Structures are given as structure tokens and as C-alpha cells.
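Have a look at my_file.tsv; it's TSV, C-alpha atoms and all ligand atoms:
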chain	number	residue	atom	x	y	z
A	85	MET	CA	-88.19	-52.83	-8.91
A	86	THR	CA	-88.65	-49.88	-6.61
A	87	GLU	CA	-92.42	-49.31	-6.92
A	88	ARG	CA	-93.21	-50.21	-3.31
A	89	LEU	CA	-90.15	-48.36	-2.08
A	90	THR	CA	-91.13	-45.11	-3.82
A	91	ALA	CA	-94.77	-45.45	-2.69
A	92	ASP	CA	-93.68	-45.99	0.93
A	93	LEU	CA	-91.20	-43.12	0.70
A	94	ALA	CA	-93.91	-40.77	-0.59
A	95	SER	CA	-96.40	-41.76	2.13
A	96	GLY	CA	-93.92	-41.64	5.01
A	97	ALA	CA	-94.49	-45.34	5.75
A	98	LEU	CA	-90.88	-46.07	4.85
A	99	ALA	CA	-89.43	-43.75	7.50
A	100	GLU	CA	-91.78	-45.26	10.09
A	101	ALA	CA	-90.68	-48.78	9.14
A	102	LEU	CA	-87.03	-47.74	9.44
A	103	ALA	CA	-87.74	-46.38	12.94
A	104	ASP	CA	-89.21	-49.72	14.05
A	105	ILE	CA	-86.16	-51.56	12.69
A	106	ALA	CA	-83.69	-49.16	14.35
A	107	GLU	CA	-85.48	-49.48	17.70
A	108	ASP	CA	-85.35	-53.28	17.46
A	109	ALA	CA	-81.60	-52.98	16.74
A	110	ALA	CA	-81.33	-50.78	19.83
A	111	ARG	CA	-82.93	-53.56	21.89
A	112	VAL	CA	-80.21	-55.91	20.63
A	113	ILE	CA	-77.47	-53.41	21.55
A	114	LEU	CA	-78.66	-52.35	25.01
A	115	PRO	CA	-77.80	-55.53	26.96
A	116	TYR	CA	-74.14	-55.03	25.92
A	117	TRP	CA	-73.98	-51.43	27.17
A	118	ARG	CA	-72.22	-50.93	30.52
A	119	SER	CA	-71.85	-54.72	30.73
A	120	GLY	CA	-68.11	-54.98	30.24
A	121	VAL	CA	-68.42	-55.29	26.45
A	122	VAL	CA	-65.02	-55.80	24.84
A	123	ALA	CA	-63.94	-53.90	21.73
A	124	GLU	CA	-61.85	-55.42	18.99
A	125	PHE	CA	-59.98	-53.15	16.62
A	126	LYS	CA	-60.51	-53.09	12.86
A	127	ALA	CA	-57.82	-52.55	10.24
A	128	ASP	CA	-58.34	-48.77	10.49
A	129	GLU	CA	-57.94	-49.07	14.30
A	130	SER	CA	-61.57	-48.11	14.96
A	131	PRO	CA	-63.35	-50.28	17.57
A	132	VAL	CA	-66.08	-52.86	16.89
A	133	THR	CA	-68.06	-55.07	19.26
A	134	GLN	CA	-70.46	-57.99	19.15
A	135	ALA	CA	-73.27	-55.44	19.58
A	136	ASP	CA	-72.30	-53.68	16.32
A	137	ARG	CA	-72.35	-57.00	14.44
A	138	GLU	CA	-75.63	-58.31	15.86
A	139	ALA	CA	-77.41	-55.00	15.28
A	140	GLU	CA	-76.18	-54.83	11.69
A	141	ALA	CA	-77.33	-58.41	10.99
A	142	LEU	CA	-80.81	-57.58	12.29
A	143	ILE	CA	-81.06	-54.40	10.20
A	144	LEU	CA	-79.86	-56.08	7.00
A	145	ALA	CA	-82.27	-59.01	7.43
A	146	ARG	CA	-85.27	-56.75	8.08
A	147	LEU	CA	-84.52	-54.43	5.15
A	148	ALA	CA	-84.04	-57.41	2.82
A	149	GLU	CA	-87.41	-58.78	3.94
A	150	LEU	CA	-89.22	-55.48	3.28
A	151	TYR	CA	-87.42	-54.30	0.15
A	152	PRO	CA	-85.52	-57.27	-1.30
A	153	ASP	CA	-84.27	-55.42	-4.38
A	154	VAL	CA	-82.58	-52.49	-2.67
A	155	PRO	CA	-78.84	-53.01	-2.05
A	156	ALA	CA	-77.31	-52.14	1.32
A	157	VAL	CA	-73.94	-50.69	2.26
A	158	ALA	CA	-73.26	-51.27	5.94
A	159	GLU	CA	-70.25	-50.36	8.08
A	160	GLU	CA	-69.27	-53.76	9.44
A	161	ASP	CA	-69.92	-55.66	6.20
A	162	HIS	CA	-67.81	-53.07	4.41
A	163	ALA	CA	-65.01	-53.43	6.99
A	164	ALA	CA	-65.03	-57.23	6.73
A	165	ASN	CA	-65.47	-57.64	2.99
A	166	GLY	CA	-63.92	-54.53	1.49
A	167	ALA	CA	-65.29	-51.83	-0.71
A	168	ALA	CA	-68.20	-52.96	-2.83
A	169	GLU	CA	-68.88	-50.96	-5.97
A	170	VAL	CA	-71.24	-48.10	-5.35
A	171	PRO	CA	-74.70	-49.57	-6.12
A	172	GLY	CA	-77.23	-48.03	-8.51
A	173	ASP	CA	-79.61	-45.12	-7.96
A	174	TRP	CA	-81.08	-46.49	-4.72
A	175	PHE	CA	-79.24	-47.97	-1.74
A	176	TRP	CA	-79.24	-48.12	2.05
A	177	LEU	CA	-76.42	-46.72	4.16
A	178	ILE	CA	-76.24	-48.34	7.60
A	179	ASP	CA	-74.16	-47.67	10.68
A	180	PRO	CA	-75.51	-50.10	13.29
A	181	LEU	CA	-73.60	-48.46	16.13
A	182	ASP	CA	-72.12	-45.00	15.61
A	183	GLY	CA	-70.00	-43.72	18.47
A	184	THR	CA	-68.67	-47.17	19.37
A	185	ARG	CA	-65.86	-45.61	21.41
A	186	GLY	CA	-68.34	-43.83	23.70
A	187	PHE	CA	-70.51	-46.97	23.83
A	188	VAL	CA	-67.58	-49.05	25.06
A	189	GLU	CA	-66.70	-46.39	27.64
A	190	GLY	CA	-70.30	-46.40	28.91
A	191	ARG	CA	-71.37	-42.97	27.60
A	192	GLU	CA	-74.94	-42.37	26.39
A	193	SER	CA	-74.20	-40.84	23.01
A	194	PHE	CA	-74.18	-43.75	20.56
A	195	THR	CA	-76.71	-44.31	17.81
A	196	VAL	CA	-78.22	-46.70	15.26
A	197	ASN	CA	-78.37	-45.16	11.75
A	198	ILE	CA	-80.29	-46.19	8.63
A	199	ALA	CA	-80.58	-43.97	5.54
A	200	LEU	CA	-82.02	-44.40	2.07
A	201	ILE	CA	-79.96	-42.82	-0.71
A	202	HIS	CA	-81.43	-41.86	-4.08
A	203	LYS	CA	-79.11	-40.49	-6.77
A	204	GLY	CA	-76.60	-39.34	-4.16
A	205	ALA	CA	-79.06	-37.64	-1.78
A	206	PRO	CA	-80.23	-38.97	1.61
A	207	VAL	CA	-84.00	-39.02	1.03
A	208	ALA	CA	-85.07	-40.78	4.24
A	209	GLY	CA	-83.33	-41.53	7.51
A	210	VAL	CA	-83.67	-42.63	11.09
A	211	VAL	CA	-81.32	-42.21	14.05
A	212	THR	CA	-81.98	-44.02	17.34
A	213	ALA	CA	-80.19	-43.44	20.64
A	214	PRO	CA	-80.58	-46.74	22.56
A	215	ALA	CA	-79.32	-45.40	25.91
A	216	THR	CA	-81.96	-42.67	26.15
A	217	GLN	CA	-84.51	-44.58	24.03
A	218	ILE	CA	-85.17	-41.71	21.63
A	219	THR	CA	-85.64	-41.95	17.86
A	220	TRP	CA	-85.50	-39.18	15.26
A	221	ARG	CA	-86.74	-39.67	11.70
A	222	SER	CA	-87.57	-37.95	8.47
A	223	ALA	CA	-91.10	-38.22	7.08
A	224	ALA	CA	-92.75	-38.06	3.68
A	225	PRO	CA	-90.85	-35.51	1.55
A	226	GLY	CA	-91.87	-32.01	2.69
A	227	ALA	CA	-93.67	-33.32	5.81
A	228	GLY	CA	-90.94	-32.41	8.31
A	229	ALA	CA	-89.12	-34.49	10.92
A	230	PHE	CA	-90.22	-36.24	14.10
A	231	ARG	CA	-88.88	-37.69	17.34
A	232	ARG	CA	-90.33	-40.09	19.89
A	233	ARG	CA	-89.41	-41.91	23.04
A	234	PHE	CA	-89.76	-45.67	22.50
A	235	GLY	CA	-93.43	-46.60	22.71
A	236	GLU	CA	-94.70	-42.99	22.70
A	237	VAL	CA	-96.28	-40.86	19.97
A	238	TRP	CA	-94.23	-38.96	17.39
A	239	GLN	CA	-93.63	-35.24	18.02
A	240	ALA	CA	-92.77	-32.83	15.20
A	241	ILE	CA	-89.33	-31.19	15.48
A	242	ARG	CA	-87.74	-28.26	13.70
A	243	VAL	CA	-84.43	-26.36	13.70
A	244	ARG	CA	-84.40	-23.06	15.58
A	245	ASN	CA	-83.61	-19.69	14.03
A	246	ARG	CA	-79.95	-18.86	14.53
A	247	PRO	CA	-79.71	-17.08	17.91
A	248	ALA	CA	-77.42	-14.17	18.80
A	249	SER	CA	-75.00	-16.62	20.51
A	250	PRO	CA	-75.08	-19.79	18.39
A	251	MET	CA	-73.91	-23.04	19.92
A	252	ALA	CA	-71.79	-25.68	18.19
A	253	LEU	CA	-71.54	-29.42	18.63
A	254	LEU	CA	-68.19	-31.06	17.95
A	255	SER	CA	-66.65	-34.52	17.94
A	256	HIS	CA	-64.71	-35.49	21.06
A	257	SER	CA	-61.84	-36.40	18.76
A	258	MET	CA	-60.07	-33.03	18.98
A	259	THR	CA	-58.26	-30.94	21.54
A	260	ASP	CA	-60.06	-28.10	23.33
A	261	GLU	CA	-57.95	-25.56	21.43
A	262	GLU	CA	-58.88	-27.11	18.06
A	263	ALA	CA	-62.54	-27.26	19.10
A	264	GLN	CA	-62.59	-23.63	20.20
A	265	ARG	CA	-61.01	-22.51	16.92
A	266	LEU	CA	-63.42	-24.57	14.82
A	267	ALA	CA	-66.48	-23.37	16.72
A	268	SER	CA	-65.53	-19.71	16.41
A	269	ARG	CA	-64.80	-20.13	12.68
A	270	HIS	CA	-68.53	-20.88	12.40
A	271	GLY	CA	-69.59	-17.94	14.56
A	272	CYS	CA	-70.19	-19.99	17.74
A	273	VAL	CA	-68.91	-18.80	21.11
A	274	GLN	CA	-70.06	-21.90	22.99
A	275	TRP	CA	-69.52	-25.54	22.06
A	276	GLN	CA	-70.09	-29.01	23.45
A	277	GLY	CA	-68.32	-32.28	22.63
A	278	THR	CA	-70.74	-35.10	21.73
A	279	ASP	CA	-70.17	-38.50	20.13
A	280	SER	CA	-71.95	-39.89	17.11
A	281	SER	CA	-74.71	-38.73	14.76
A	282	LEU	CA	-76.63	-37.42	17.76
A	283	LYS	CA	-75.11	-34.07	16.81
A	284	PHE	CA	-77.33	-33.83	13.71
A	285	CYS	CA	-80.43	-34.69	15.77
A	286	LEU	CA	-79.76	-32.10	18.49
A	287	ILE	CA	-79.58	-29.43	15.77
A	288	ALA	CA	-82.72	-30.85	14.11
A	289	GLU	CA	-84.69	-30.43	17.33
A	290	GLY	CA	-83.52	-26.84	17.80
A	291	ARG	CA	-81.12	-27.20	20.74
A	292	PHE	CA	-77.86	-26.39	18.86
A	293	ASP	CA	-76.95	-24.49	15.70
A	294	ALA	CA	-73.88	-25.94	13.99
A	295	TYR	CA	-71.77	-29.09	13.72
A	296	PRO	CA	-68.59	-28.39	11.79
A	297	ARG	CA	-66.32	-31.35	11.02
A	298	THR	CA	-62.86	-31.22	9.48
A	299	GLY	CA	-61.68	-34.81	10.16
A	300	PRO	CA	-62.71	-37.82	8.06
A	301	THR	CA	-65.97	-39.71	8.44
A	302	SER	CA	-67.62	-42.41	6.37
A	303	GLU	CA	-70.91	-41.91	4.58
A	304	TRP	CA	-72.81	-44.23	6.97
A	305	ASP	CA	-71.81	-41.90	9.84
A	306	THR	CA	-73.66	-38.92	8.34
A	307	ALA	CA	-76.40	-40.03	5.89
A	308	ALA	CA	-79.22	-40.73	8.36
A	309	GLY	CA	-78.42	-37.66	10.46
A	310	GLN	CA	-78.39	-35.51	7.33
A	311	ALA	CA	-81.80	-36.89	6.23
A	312	VAL	CA	-83.28	-36.02	9.65
A	313	LEU	CA	-81.68	-32.58	9.79
A	314	GLU	CA	-82.71	-31.63	6.25
A	315	ALA	CA	-86.28	-32.78	6.93
A	316	ALA	CA	-86.26	-30.52	10.03
A	317	GLY	CA	-85.23	-27.48	7.98
A	318	GLY	CA	-81.43	-27.65	8.30
A	319	ARG	CA	-78.66	-28.42	5.82
A	320	VAL	CA	-75.33	-30.21	5.55
A	321	MET	CA	-72.75	-28.70	3.24
A	322	ALA	CA	-69.51	-30.13	1.89
A	323	GLU	CA	-66.43	-27.90	1.81
A	324	ASP	CA	-67.44	-26.46	-1.59
A	325	GLY	CA	-70.76	-25.26	-0.13
A	326	SER	CA	-72.91	-27.81	-1.99
A	327	PRO	CA	-75.07	-30.36	-0.13
A	328	LEU	CA	-73.06	-33.36	1.14
A	329	ARG	CA	-73.65	-36.23	-1.31
A	330	TYR	CA	-73.39	-40.03	-1.16
A	331	GLY	CA	-71.90	-42.85	-3.20
A	332	LYS	CA	-68.46	-41.21	-3.32
A	333	SER	CA	-65.20	-43.11	-3.68
A	334	CYS	CA	-64.71	-45.54	-0.71
A	335	TYR	CA	-67.82	-43.99	0.90
A	336	ALA	CA	-65.49	-41.36	2.39
A	337	ASN	CA	-66.65	-37.88	3.40
A	338	GLY	CA	-64.41	-34.83	3.44
A	339	GLY	CA	-65.06	-31.94	5.79
A	340	PHE	CA	-68.58	-30.60	6.15
A	341	VAL	CA	-70.74	-28.35	8.25
A	342	ALA	CA	-74.26	-29.16	9.46
A	343	LEU	CA	-76.40	-26.11	10.17
A	344	GLY	CA	-79.78	-25.40	11.69
A	345	GLY	CA	-81.87	-22.36	10.77
B	1	LIG	N1	-60.04	-41.63	10.30
B	1	LIG	C1	-61.36	-41.88	10.13
B	1	LIG	N2	-61.86	-42.30	8.94
B	1	LIG	C2	-63.17	-42.53	8.77
B	1	LIG	N3	-64.07	-42.38	9.75
B	1	LIG	C3	-63.64	-41.99	10.95
B	1	LIG	C4	-62.27	-41.70	11.23
B	1	LIG	N4	-62.17	-41.32	12.52
B	1	LIG	C5	-63.43	-41.36	13.02
B	1	LIG	N5	-64.30	-41.74	12.08
B	1	LIG	C6	-65.73	-41.94	12.23
B	1	LIG	O1	-66.27	-41.03	13.15
B	1	LIG	C7	-67.23	-41.71	13.95
B	1	LIG	C8	-67.23	-41.11	15.32
B	1	LIG	O2	-67.64	-39.79	15.20
B	1	LIG	P1	-67.65	-38.83	16.48
B	1	LIG	O3	-66.20	-38.53	16.76
B	1	LIG	O4	-68.40	-37.65	15.97
B	1	LIG	O5	-68.32	-39.60	17.54
B	1	LIG	C9	-66.80	-43.16	13.99
B	1	LIG	O6	-67.97	-43.94	13.92
B	1	LIG	P2	-68.09	-45.45	14.60
B	1	LIG	O7	-68.16	-45.25	16.05
B	1	LIG	O8	-69.36	-45.96	14.00
B	1	LIG	O9	-66.88	-46.20	14.12
B	1	LIG	C10	-65.97	-43.33	12.75
B	1	LIG	O10	-66.69	-44.03	11.74
B	2	MG	MG	-69.92	-44.60	12.70
Would you mind writing the structure in this file as C-alpha cells?
Amino acid sequence: MTERLTADLASGALAEALADIAEDAARVILPYWRSGVVAEFKADESPVTQADREAEALILARLAELYPDVPAVAEEDHAANGAAEVPGDWFWLIDPLDGTRGFVEGRESFTVNIALIHKGAPVAGVVTAPATQITWRSAAPGAGAFRRRFGEVWQAIRVRNRPASPMALLSHSMTDEEAQRLASRHGCVQWQGTDSSLKFCLIAEGRFDAYPRTGPTSEWDTAAGQAVLEAAGGRVMAEDGSPLRYGKSCYANGGFVALGG
């Protein structure tokens, strides 16, 4: 069933195909940005917009066309139809618009996220930032990570060695006091608040060093970012110090820390 999938994963063609799909989803999202888009609120009180739904529909249709046998777990489908059983060894994890709150408020830091999971590990992933038109992706296993501006050539990226004054990225969803405490717990004197999975990508390209998170996230919020960061030489650890894994109960993550070099 997965012969073509595994061949494309091994050659890097899969990650490139995911990048094209995520950029097309970004083109669906962009007209809604800073255009008075209205958020509705889901049962868990998180916001959703027409842009989230249209982008997810595009991604699901394109993945089904390319790899019809691979099941998909996507944020908005999950919210509308409830928790599906965790699929088999291979599945997609999709967040069509991560950072919806910032998107609605007109900030730049929102992303499209597609990851391939194999036996609990994110083995390929792509994150696209529609507002700045930048995409980050994994490659063939062991072949690093890349970023490009839409329409330009791919550039290799890598985490930086931990500097003397490491810098943390944190969710906006905490007070300054909480953020300061969390950053210093991970040896960082400076920190910056940033929405969405962009945090993983900024560490992957060597501009920041740590992204600690204590509050809840869902697996589709982190899987693609983790795939990019790991491919760039970083890691994402659950609270017990082991790599963050996927296909957990209700697709819910506990705390974690993402680290560069
Ligand atoms: N209580 C909660 N449970 C699960 N996920 C939560 C959550 N509060 C926030 N999140 C997730 O955190 C994401 C935002 O992260 P950040 O604060 O780093 O920008 C949201 O993504 P969406 O915007 O896709 O809903 C949402 O999924
Ligand atoms: Mg999200």
C-alpha cells in the first residue's frame, strides 16, 4: 500500500510535493488575511475561519490524489467530527492554519502545517508562512532541511550551536512573568513571543535556540515543525526527555521543549 509513499519519502520527492501543496493552501488563505475575516469559536473556544476550512479541504484533496491509501488527521475535520481512532503505522497530521488568533488579528505569524507520521515519529514535514511567503521543509532522511521564498530555489538550513546567551521563543498565551520564568528555566536570558509553529522553523534556521511549552497543544500543531527542526539538527523532547511522539490519546501533547544545537 505504501510503496510509492516510502519511495518518495526516501528520495525527498514527498517533502517537495508537500511544500507545493502547502503553498497552494497559502494562496487560498491569503485573500482572507487583513480583509476583515470573521472568526467563529469551536467547542474548545479556539477560533476558526473560512480560510482554515478551505485550506484544509485543498490539502486533504491533494494528499488523497497523490497517496490515496494514507489516512489523514486534520484539525478542522477532527473538531467537526470528533476523535477518530488513531490510524495505522502511517498517517498525515494537518493543521491548515496554525496561529488562527494572530491571523484574525492581522499578525504575520500564522502557518500551514503538513506532516507524515510513521510509527509515532514525524518523518517528513512542511511549514509555510503565507504572510511572508516562506516555506520550510524536511528532505530525504539524513539530507537536512530547506527553506525557500515562494518561487525561489531551496536553501539549506541548520540549527546554530548554542550561543553564550541563548534566545527562547514562546507562545503569546502567557504573561510576561510566566514567559520570563520559563525562558530562564531553559537557560535563556532573552525571549520573544511568536504565534504558531513558526517557532520551530526559526530555531531550525539558526536564529533562536529553544521553544519551551508547558500549556497544551494538539499533535497537528507540532508535528510538521518537529519534522523540520529534527531534519535541521534540532530535537523536540517530551517532559520525560524522550522525543515527542504522535498518535497519542486525543492527539493531545503534554509539555515539551524544542531545542536547536
Ligand atoms: N487548551 C488548548 N488545547 C489544545 N491546543 C491548544 C490549547 N490552547 C492553544 N492550543 C493550540 O496552540 C496553538 C497556538 O499556539 P501558539 O500559542 O504557540 O500560537 C493553537 O493552534 P490554532 O491556531 O491552529 O488553533 C491551538 O491549537
Ligand atoms: Mg494549530
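The closest residue to Val243 of chain A, picked from A:Ala227, A:Leu313, A:Ile201, A:Ala208 and counting all atoms listed in the file, is A:Leu313.
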- Item | Contacts to ligand MG 2 (chain B) at 8 Å cut-off (all atoms listed in the file) as a ChimeraX atom specification | /A:159,179-184,280-281,301-302,304-305
- Task: Could you pull out the residues sitting within 10 Å of ligand LIG 1 (chain B), using only C-alpha atoms and all ligand atoms, and write them as a ChimeraX atom specification?
- Result: /A:126,128-132,136,159-160,178-188,193-197,253-258,277-284,295,297,299-306,335-338
Take the residues that were just selected and, keeping C-alpha atoms, output them as an mmCIF file, keeping the file's coordinate frame.
data_model
loop_
_atom_site.group_PDB
_atom_site.id
_atom_site.type_symbol
_atom_site.label_atom_id
_atom_site.label_comp_id
_atom_site.auth_asym_id
_atom_site.auth_seq_id
_atom_site.Cartn_x
_atom_site.Cartn_y
_atom_site.Cartn_z
ATOM 1 C CA LYS A 126 -60.510 -53.090 12.860
ATOM 2 C CA ASP A 128 -58.340 -48.770 10.490
ATOM 3 C CA GLU A 129 -57.940 -49.070 14.300
ATOM 4 C CA SER A 130 -61.570 -48.110 14.960
ATOM 5 C CA PRO A 131 -63.350 -50.280 17.570
ATOM 6 C CA VAL A 132 -66.080 -52.860 16.890
ATOM 7 C CA ASP A 136 -72.300 -53.680 16.320
ATOM 8 C CA GLU A 159 -70.250 -50.360 8.080
ATOM 9 C CA GLU A 160 -69.270 -53.760 9.440
ATOM 10 C CA ILE A 178 -76.240 -48.340 7.600
ATOM 11 C CA ASP A 179 -74.160 -47.670 10.680
ATOM 12 C CA PRO A 180 -75.510 -50.100 13.290
ATOM 13 C CA LEU A 181 -73.600 -48.460 16.130
ATOM 14 C CA ASP A 182 -72.120 -45.000 15.610
ATOM 15 C CA GLY A 183 -70.000 -43.720 18.470
ATOM 16 C CA THR A 184 -68.670 -47.170 19.370
ATOM 17 C CA ARG A 185 -65.860 -45.610 21.410
ATOM 18 C CA GLY A 186 -68.340 -43.830 23.700
ATOM 19 C CA PHE A 187 -70.510 -46.970 23.830
ATOM 20 C CA VAL A 188 -67.580 -49.050 25.060
ATOM 21 C CA SER A 193 -74.200 -40.840 23.010
ATOM 22 C CA PHE A 194 -74.180 -43.750 20.560
ATOM 23 C CA THR A 195 -76.710 -44.310 17.810
ATOM 24 C CA VAL A 196 -78.220 -46.700 15.260
ATOM 25 C CA ASN A 197 -78.370 -45.160 11.750
ATOM 26 C CA LEU A 253 -71.540 -29.420 18.630
ATOM 27 C CA LEU A 254 -68.190 -31.060 17.950
ATOM 28 C CA SER A 255 -66.650 -34.520 17.940
ATOM 29 C CA HIS A 256 -64.710 -35.490 21.060
ATOM 30 C CA SER A 257 -61.840 -36.400 18.760
ATOM 31 C CA MET A 258 -60.070 -33.030 18.980
ATOM 32 C CA GLY A 277 -68.320 -32.280 22.630
ATOM 33 C CA THR A 278 -70.740 -35.100 21.730
ATOM 34 C CA ASP A 279 -70.170 -38.500 20.130
ATOM 35 C CA SER A 280 -71.950 -39.890 17.110
ATOM 36 C CA SER A 281 -74.710 -38.730 14.760
ATOM 37 C CA LEU A 282 -76.630 -37.420 17.760
ATOM 38 C CA LYS A 283 -75.110 -34.070 16.810
ATOM 39 C CA PHE A 284 -77.330 -33.830 13.710
ATOM 40 C CA TYR A 295 -71.770 -29.090 13.720
ATOM 41 C CA ARG A 297 -66.320 -31.350 11.020
ATOM 42 C CA GLY A 299 -61.680 -34.810 10.160
ATOM 43 C CA PRO A 300 -62.710 -37.820 8.060
ATOM 44 C CA THR A 301 -65.970 -39.710 8.440
ATOM 45 C CA SER A 302 -67.620 -42.410 6.370
ATOM 46 C CA GLU A 303 -70.910 -41.910 4.580
ATOM 47 C CA TRP A 304 -72.810 -44.230 6.970
ATOM 48 C CA ASP A 305 -71.810 -41.900 9.840
ATOM 49 C CA THR A 306 -73.660 -38.920 8.340
ATOM 50 C CA TYR A 335 -67.820 -43.990 0.900
ATOM 51 C CA ALA A 336 -65.490 -41.360 2.390
ATOM 52 C CA ASN A 337 -66.650 -37.880 3.400
ATOM 53 C CA GLY A 338 -64.410 -34.830 3.440
#
- Message: Please list as a list in words every residue within 6 Å of Ala315 of chain A, counting all atoms listed in the file and excluding residues in the same chain fewer than 2 positions away.
- Response: Ser222, Gly228, Ala229, Val312, Leu313 and Gly317 of chain A
Written file, previous selection with C-alpha atoms, as a compact mmCIF listing (two decimals), in the frame of the given file:
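Result file is selection-v3.txt:
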# COMPACT_ATOMS: atom_id res chain seq x y z
CA SER A 222 -87.57 -37.95 8.47
CA GLY A 228 -90.94 -32.41 8.31
CA ALA A 229 -89.12 -34.49 10.92
CA VAL A 312 -83.28 -36.02 9.65
CA LEU A 313 -81.68 -32.58 9.79
CA GLY A 317 -85.23 -27.48 7.98
- Item | Selection near segment 139-143 of chain A, 7 Å with all atoms listed in the file, sequence-local residues under 5 positions removed, as a PyMOL selection string | chain A and resi 105+109+112-113+180
- Message: Please list as a PyMOL selection string every residue within 9 Å of segment 166-169 of chain A, counting all atoms listed in the file and excluding residues in the same chain fewer than 3 positions away.
- Response: chain A and resi 157+161-163+333-335
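Counting all atoms listed in the file, the residue from A:Trp117, A:Trp275, A:Trp238, A:Tyr330 that sits nearest to Leu177 of chain A is A:Tyr330.
Note that atom CA of Gln134 of chain A and atom CA of Gln217 of chain A are 20.0 Å apart.
Rounded to one decimal, atom CA of Ile198 of chain A and atom CA of Ala308 of chain A lie 5.6 Å from each other.
Shortest atom-to-atom contact with Leu114 of chain A among A:Leu89, A:Ala307, A:Ala135, A:Leu328: A:Ala135, counting all atoms listed in the file.
Proximity to Glu323 of chain A was assessed for A:Ala342, A:Met251, A:Ala311, A:Val170 counting all atoms listed in the file; the smallest distance is recorded for A:Ala342.
Residues within 12 Å of segment 324-326 of chain A, counting only C-alpha atoms and excluding same-chain residues fewer than 3 positions away, are Ala205, Arg319, Val320, Met321, Arg329, Gly338, Gly339, Phe340, Val341, Ala342 and Leu343 of chain A.
Checking A:Pro327, A:Gly209, A:Pro250, A:Pro214 one by one against Gly96 of chain A, counting only C-alpha atoms, you find the shortest gap at A:Gly209.
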As a compact mmCIF listing (two decimals), in the coordinates of the input, please: segment 281-300 of chain A completed to N, CA and C atoms.
# COMPACT_ATOMS: atom_id res chain seq x y z
N SER A 281 -73.78 -39.50 15.60
CA SER A 281 -74.71 -38.73 14.76
C SER A 281 -75.77 -38.00 15.58
N LEU A 282 -75.74 -38.18 16.88
CA LEU A 282 -76.63 -37.42 17.76
C LEU A 282 -76.50 -35.93 17.50
N LYS A 283 -75.34 -35.50 17.06
CA LYS A 283 -75.11 -34.07 16.81
C LYS A 283 -76.10 -33.52 15.79
N PHE A 284 -76.36 -34.28 14.72
CA PHE A 284 -77.33 -33.83 13.71
C PHE A 284 -78.72 -33.69 14.34
N CYS A 285 -79.07 -34.64 15.21
CA CYS A 285 -80.43 -34.69 15.77
C CYS A 285 -80.65 -33.54 16.75
N LEU A 286 -79.62 -33.19 17.51
CA LEU A 286 -79.76 -32.10 18.49
C LEU A 286 -79.91 -30.76 17.76
N ILE A 287 -79.34 -30.64 16.58
CA ILE A 287 -79.58 -29.43 15.77
C ILE A 287 -80.99 -29.50 15.17
N ALA A 288 -81.38 -30.69 14.72
CA ALA A 288 -82.72 -30.85 14.11
C ALA A 288 -83.83 -30.50 15.09
N GLU A 289 -83.61 -30.75 16.38
CA GLU A 289 -84.69 -30.43 17.33
C GLU A 289 -84.51 -29.06 17.97
N GLY A 290 -83.59 -28.25 17.42
CA GLY A 290 -83.52 -26.84 17.80
C GLY A 290 -82.78 -26.55 19.10
N ARG A 291 -81.87 -27.45 19.49
CA ARG A 291 -81.12 -27.20 20.74
C ARG A 291 -79.72 -26.68 20.48
N PHE A 292 -79.19 -26.87 19.26
CA PHE A 292 -77.86 -26.39 18.86
C PHE A 292 -77.97 -25.84 17.44
N ASP A 293 -76.86 -25.22 16.98
CA ASP A 293 -76.95 -24.49 15.70
C ASP A 293 -76.00 -24.98 14.62
N ALA A 294 -74.87 -25.57 15.01
CA ALA A 294 -73.88 -25.94 13.99
C ALA A 294 -73.07 -27.14 14.45
N TYR A 295 -72.68 -27.96 13.47
CA TYR A 295 -71.77 -29.09 13.72
C TYR A 295 -70.75 -29.08 12.59
N PRO A 296 -69.64 -28.38 12.81
CA PRO A 296 -68.59 -28.39 11.79
C PRO A 296 -67.67 -29.59 11.99
N ARG A 297 -67.20 -30.18 10.90
CA ARG A 297 -66.32 -31.35 11.02
C ARG A 297 -65.21 -31.23 9.98
N THR A 298 -63.97 -31.30 10.43
CA THR A 298 -62.86 -31.22 9.48
C THR A 298 -62.24 -32.60 9.26
N GLY A 299 -62.29 -33.47 10.27
CA GLY A 299 -61.68 -34.81 10.16
C GLY A 299 -62.53 -35.73 9.33
N PRO A 300 -61.97 -36.89 8.93
CA PRO A 300 -62.71 -37.82 8.06
C PRO A 300 -63.85 -38.53 8.77
